[in-house]
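Undergrad: Handing you a structure now.
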Amino acid sequence: MQILVELGEVAVARAAREHLPTIARLLADDPTSPQYVATTTLISDDILGPLREVLDLEPYFDRIDADPNQLLAVVLDEGDRVIGTFQLTMLPTLARGGAVQAIVSAARIRAGSDSVAVAKRVFAWVIEHARKQGARALVVVAD
């Protein structure tokens, strides 16, 4: 697992294939998701049980992971448990003289007493990281 940054008691890492079940659960933990599972506590996925519908995300993961303009990331707690995820896409454009747009999508942090503070630290890092990659605009997609 490639740790990208340590942010106090959490870290951001490049997602690996073994993270897919937890990423799927985090994405389903959204009232707008057809697989909504209402994961409102930090209890483990083995206690929560499987998603209602098992999705085969591996082909999509492989495509994202192979693209140098994509970063599928996980947020890890001090026990290396996945508590969040996001995807950062760097999109070269012709606008603004060829500016790169950074697009953040599928951002989730598991509910907990410090989830807002964790999200703020992660997004501050995302902004800094995108700037270092040459982004001149940041778009956050609510999906």
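Labels for the structure tokens follow display order: chains A, B, ..., residues from 1 in each chain, ligands from 1.
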List the neighbours of Ala73 in chain A out to 6 Å using only C-alpha atoms; skip same-chain residues closer than 4 positions along the sequence, and give me the result as a list in words.

TA: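 The residues satisfying every condition are Ala13, Arg14, Ala15, Thr85 and Phe86 of chain A.
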
Undergrad: Would you mind exporting C-alpha atoms of the selected residues as a short mmCIF file (atom, residue, chain, number, x, y, z; two decimals), in the first residue's frame?

TA:
data_model
loop_
_atom_site.label_atom_id
_atom_site.label_comp_id
_atom_site.auth_asym_id
_atom_site.auth_seq_id
_atom_site.Cartn_x
_atom_site.Cartn_y
_atom_site.Cartn_z
CA ALA A 13 -3.14 6.10 0.55
CA ARG A 14 -3.53 4.94 -3.01
CA ALA A 15 -6.40 2.42 -3.03
CA THR A 85 -12.38 7.29 0.00
CA PHE A 86 -12.26 9.73 -2.89
#

Undergrad: Would you give me, as a ChimeraX atom specification, the residues in chain A that DSSP reads as strand (DSSP E)?

TA: /A:3-7,10-14,70-76,82-92,100-109,135-140

Undergrad: Could you give me, as a list in words, the residues within 12 Å of Val82 in chain A, counting only C-alpha atoms and dropping anything in the same chain fewer than 6 positions from it?

TA: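 Answer for this query is Val10, Ala11, Val12, Ala13, Arg14, Ala15, Ala16, Glu18, His19, Leu20, Pro21, Thr22, Ile23, Ala24, Arg25, Leu26, Leu42, Ile43, Ser44, Asp45, Ala73, Val74, Val75, Leu76, Arg108, Ile109 and Arg110 of chain A.
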
Undergrad: Go ahead and save the picked residues with N, CA and C atoms, as a PDB file, in the first residue's frame.

TA:
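Output below, filename selection_19.pdb:
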ATOM      1  N   VAL A  10      -4.873  10.244  10.762  1.00  0.00           N
ATOM      2  CA  VAL A  10      -5.306   9.569   9.544  1.00  0.00           C
ATOM      3  C   VAL A  10      -4.244   9.719   8.463  1.00  0.00           C
ATOM      4  N   ALA A  11      -4.324   8.854   7.470  1.00  0.00           N
ATOM      5  CA  ALA A  11      -3.407   8.914   6.335  1.00  0.00           C
ATOM      6  C   ALA A  11      -4.212   8.739   5.056  1.00  0.00           C
ATOM      7  N   VAL A  12      -3.680   9.266   3.965  1.00  0.00           N
ATOM      8  CA  VAL A  12      -4.271   9.073   2.647  1.00  0.00           C
ATOM      9  C   VAL A  12      -3.335   8.133   1.894  1.00  0.00           C
ATOM     10  N   ALA A  13      -3.919   7.094   1.296  1.00  0.00           N
ATOM     11  CA  ALA A  13      -3.138   6.103   0.554  1.00  0.00           C
ATOM     12  C   ALA A  13      -3.795   5.827  -0.782  1.00  0.00           C
ATOM     13  N   ARG A  14      -2.985   5.394  -1.732  1.00  0.00           N
ATOM     14  CA  ARG A  14      -3.531   4.936  -3.009  1.00  0.00           C
ATOM     15  C   ARG A  14      -4.332   3.664  -2.729  1.00  0.00           C
ATOM     16  N   ALA A  15      -5.549   3.603  -3.248  1.00  0.00           N
ATOM     17  CA  ALA A  15      -6.395   2.424  -3.026  1.00  0.00           C
ATOM     18  C   ALA A  15      -5.787   1.199  -3.708  1.00  0.00           C
ATOM     19  N   ALA A  16      -5.971   0.067  -3.069  1.00  0.00           N
ATOM     20  CA  ALA A  16      -5.538  -1.214  -3.609  1.00  0.00           C
ATOM     21  C   ALA A  16      -6.770  -2.099  -3.801  1.00  0.00           C
ATOM     22  N   GLU A  18      -7.651  -4.835  -2.562  1.00  0.00           N
ATOM     23  CA  GLU A  18      -8.261  -5.367  -1.335  1.00  0.00           C
ATOM     24  C   GLU A  18      -9.146  -4.343  -0.624  1.00  0.00           C
ATOM     25  N   HIS A  19      -9.037  -3.074  -1.005  1.00  0.00           N
ATOM     26  CA  HIS A  19      -9.895  -2.038  -0.419  1.00  0.00           C
ATOM     27  C   HIS A  19     -11.283  -1.970  -1.066  1.00  0.00           C
ATOM     28  N   LEU A  20     -11.466  -2.639  -2.197  1.00  0.00           N
ATOM     29  CA  LEU A  20     -12.719  -2.504  -2.953  1.00  0.00           C
ATOM     30  C   LEU A  20     -13.985  -2.811  -2.153  1.00  0.00           C
ATOM     31  N   PRO A  21     -14.051  -3.871  -1.350  1.00  0.00           N
ATOM     32  CA  PRO A  21     -15.293  -4.104  -0.602  1.00  0.00           C
ATOM     33  C   PRO A  21     -15.645  -2.953   0.346  1.00  0.00           C
ATOM     34  N   THR A  22     -14.650  -2.375   0.991  1.00  0.00           N
ATOM     35  CA  THR A  22     -14.928  -1.271   1.905  1.00  0.00           C
ATOM     36  C   THR A  22     -15.270  -0.007   1.136  1.00  0.00           C
ATOM     37  N   ILE A  23     -14.604   0.233   0.013  1.00  0.00           N
ATOM     38  CA  ILE A  23     -14.953   1.379  -0.828  1.00  0.00           C
ATOM     39  C   ILE A  23     -16.400   1.253  -1.290  1.00  0.00           C
ATOM     40  N   ALA A  24     -16.798   0.054  -1.715  1.00  0.00           N
ATOM     41  CA  ALA A  24     -18.185  -0.170  -2.155  1.00  0.00           C
ATOM     42  C   ALA A  24     -19.157   0.128  -1.016  1.00  0.00           C
ATOM     43  N   ARG A  25     -18.807  -0.296   0.191  1.00  0.00           N
ATOM     44  CA  ARG A  25     -19.674  -0.032   1.345  1.00  0.00           C
ATOM     45  C   ARG A  25     -19.764   1.463   1.605  1.00  0.00           C
ATOM     46  N   LEU A  26     -18.653   2.181   1.547  1.00  0.00           N
ATOM     47  CA  LEU A  26     -18.674   3.635   1.768  1.00  0.00           C
ATOM     48  C   LEU A  26     -19.519   4.339   0.703  1.00  0.00           C
ATOM     49  N   LEU A  42     -18.809   3.545  13.421  1.00  0.00           N
ATOM     50  CA  LEU A  42     -17.501   3.054  13.008  1.00  0.00           C
ATOM     51  C   LEU A  42     -17.334   1.552  13.230  1.00  0.00           C
ATOM     52  N   ILE A  43     -18.445   0.819  13.364  1.00  0.00           N
ATOM     53  CA  ILE A  43     -18.311  -0.629  13.543  1.00  0.00           C
ATOM     54  C   ILE A  43     -17.784  -1.252  12.258  1.00  0.00           C
ATOM     55  N   SER A  44     -17.198  -2.411  12.367  1.00  0.00           N
ATOM     56  CA  SER A  44     -16.528  -3.021  11.229  1.00  0.00           C
ATOM     57  C   SER A  44     -17.517  -3.616  10.232  1.00  0.00           C
ATOM     58  N   ASP A  45     -17.050  -3.754   8.992  1.00  0.00           N
ATOM     59  CA  ASP A  45     -17.891  -4.288   7.931  1.00  0.00           C
ATOM     60  C   ASP A  45     -18.294  -5.735   8.177  1.00  0.00           C
ATOM     61  N   ALA A  73      -8.232   6.957  -3.946  1.00  0.00           N
ATOM     62  CA  ALA A  73      -7.545   6.970  -2.654  1.00  0.00           C
ATOM     63  C   ALA A  73      -8.454   6.464  -1.542  1.00  0.00           C
ATOM     64  N   VAL A  74      -7.821   6.028  -0.481  1.00  0.00           N
ATOM     65  CA  VAL A  74      -8.527   5.665   0.744  1.00  0.00           C
ATOM     66  C   VAL A  74      -7.952   6.493   1.881  1.00  0.00           C
ATOM     67  N   VAL A  75      -8.792   6.746   2.862  1.00  0.00           N
ATOM     68  CA  VAL A  75      -8.382   7.421   4.087  1.00  0.00           C
ATOM     69  C   VAL A  75      -8.323   6.346   5.161  1.00  0.00           C
ATOM     70  N   LEU A  76      -7.188   6.245   5.834  1.00  0.00           N
ATOM     71  CA  LEU A  76      -6.956   5.193   6.820  1.00  0.00           C
ATOM     72  C   LEU A  76      -6.876   5.789   8.217  1.00  0.00           C
ATOM     73  N   ARG A 108     -16.174  10.164   0.372  1.00  0.00           N
ATOM     74  CA  ARG A 108     -16.939   9.697   1.528  1.00  0.00           C
ATOM     75  C   ARG A 108     -16.010   9.561   2.720  1.00  0.00           C
ATOM     76  N   ILE A 109     -16.506   9.935   3.873  1.00  0.00           N
ATOM     77  CA  ILE A 109     -15.836   9.666   5.149  1.00  0.00           C
ATOM     78  C   ILE A 109     -16.879   8.982   6.019  1.00  0.00           C
ATOM     79  N   ARG A 110     -16.525   7.845   6.575  1.00  0.00           N
ATOM     80  CA  ARG A 110     -17.454   7.108   7.437  1.00  0.00           C
ATOM     81  C   ARG A 110     -17.863   7.974   8.617  1.00  0.00           C
TER      82      ARG A 110
END

Undergrad: For range 123-132 of chain A, find every residue with an atom within 10 Å (counting only C-alpha atoms), except residues of its own chain fewer than 5 positions away, and show them as a list of chain:residue names.

TA: A:Leu4, A:Val5, A:Glu6, A:Leu7, A:Val12, A:Phe86, A:Leu88, A:Thr89, A:Met90, A:Val100, A:Gln101, A:Ala102, A:Ile103, A:Val104, A:Ala107, A:Val118, A:Ala137, A:Leu138

Undergrad: Give me, please, the distance in Å between CA of Ala95 in chain A and CA of Gln70 in chain A, quoted to one decimal.

TA: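 For CA of Ala95 in chain A relative to CA of Gln70 in chain A, the distance reads 19.9 Å.
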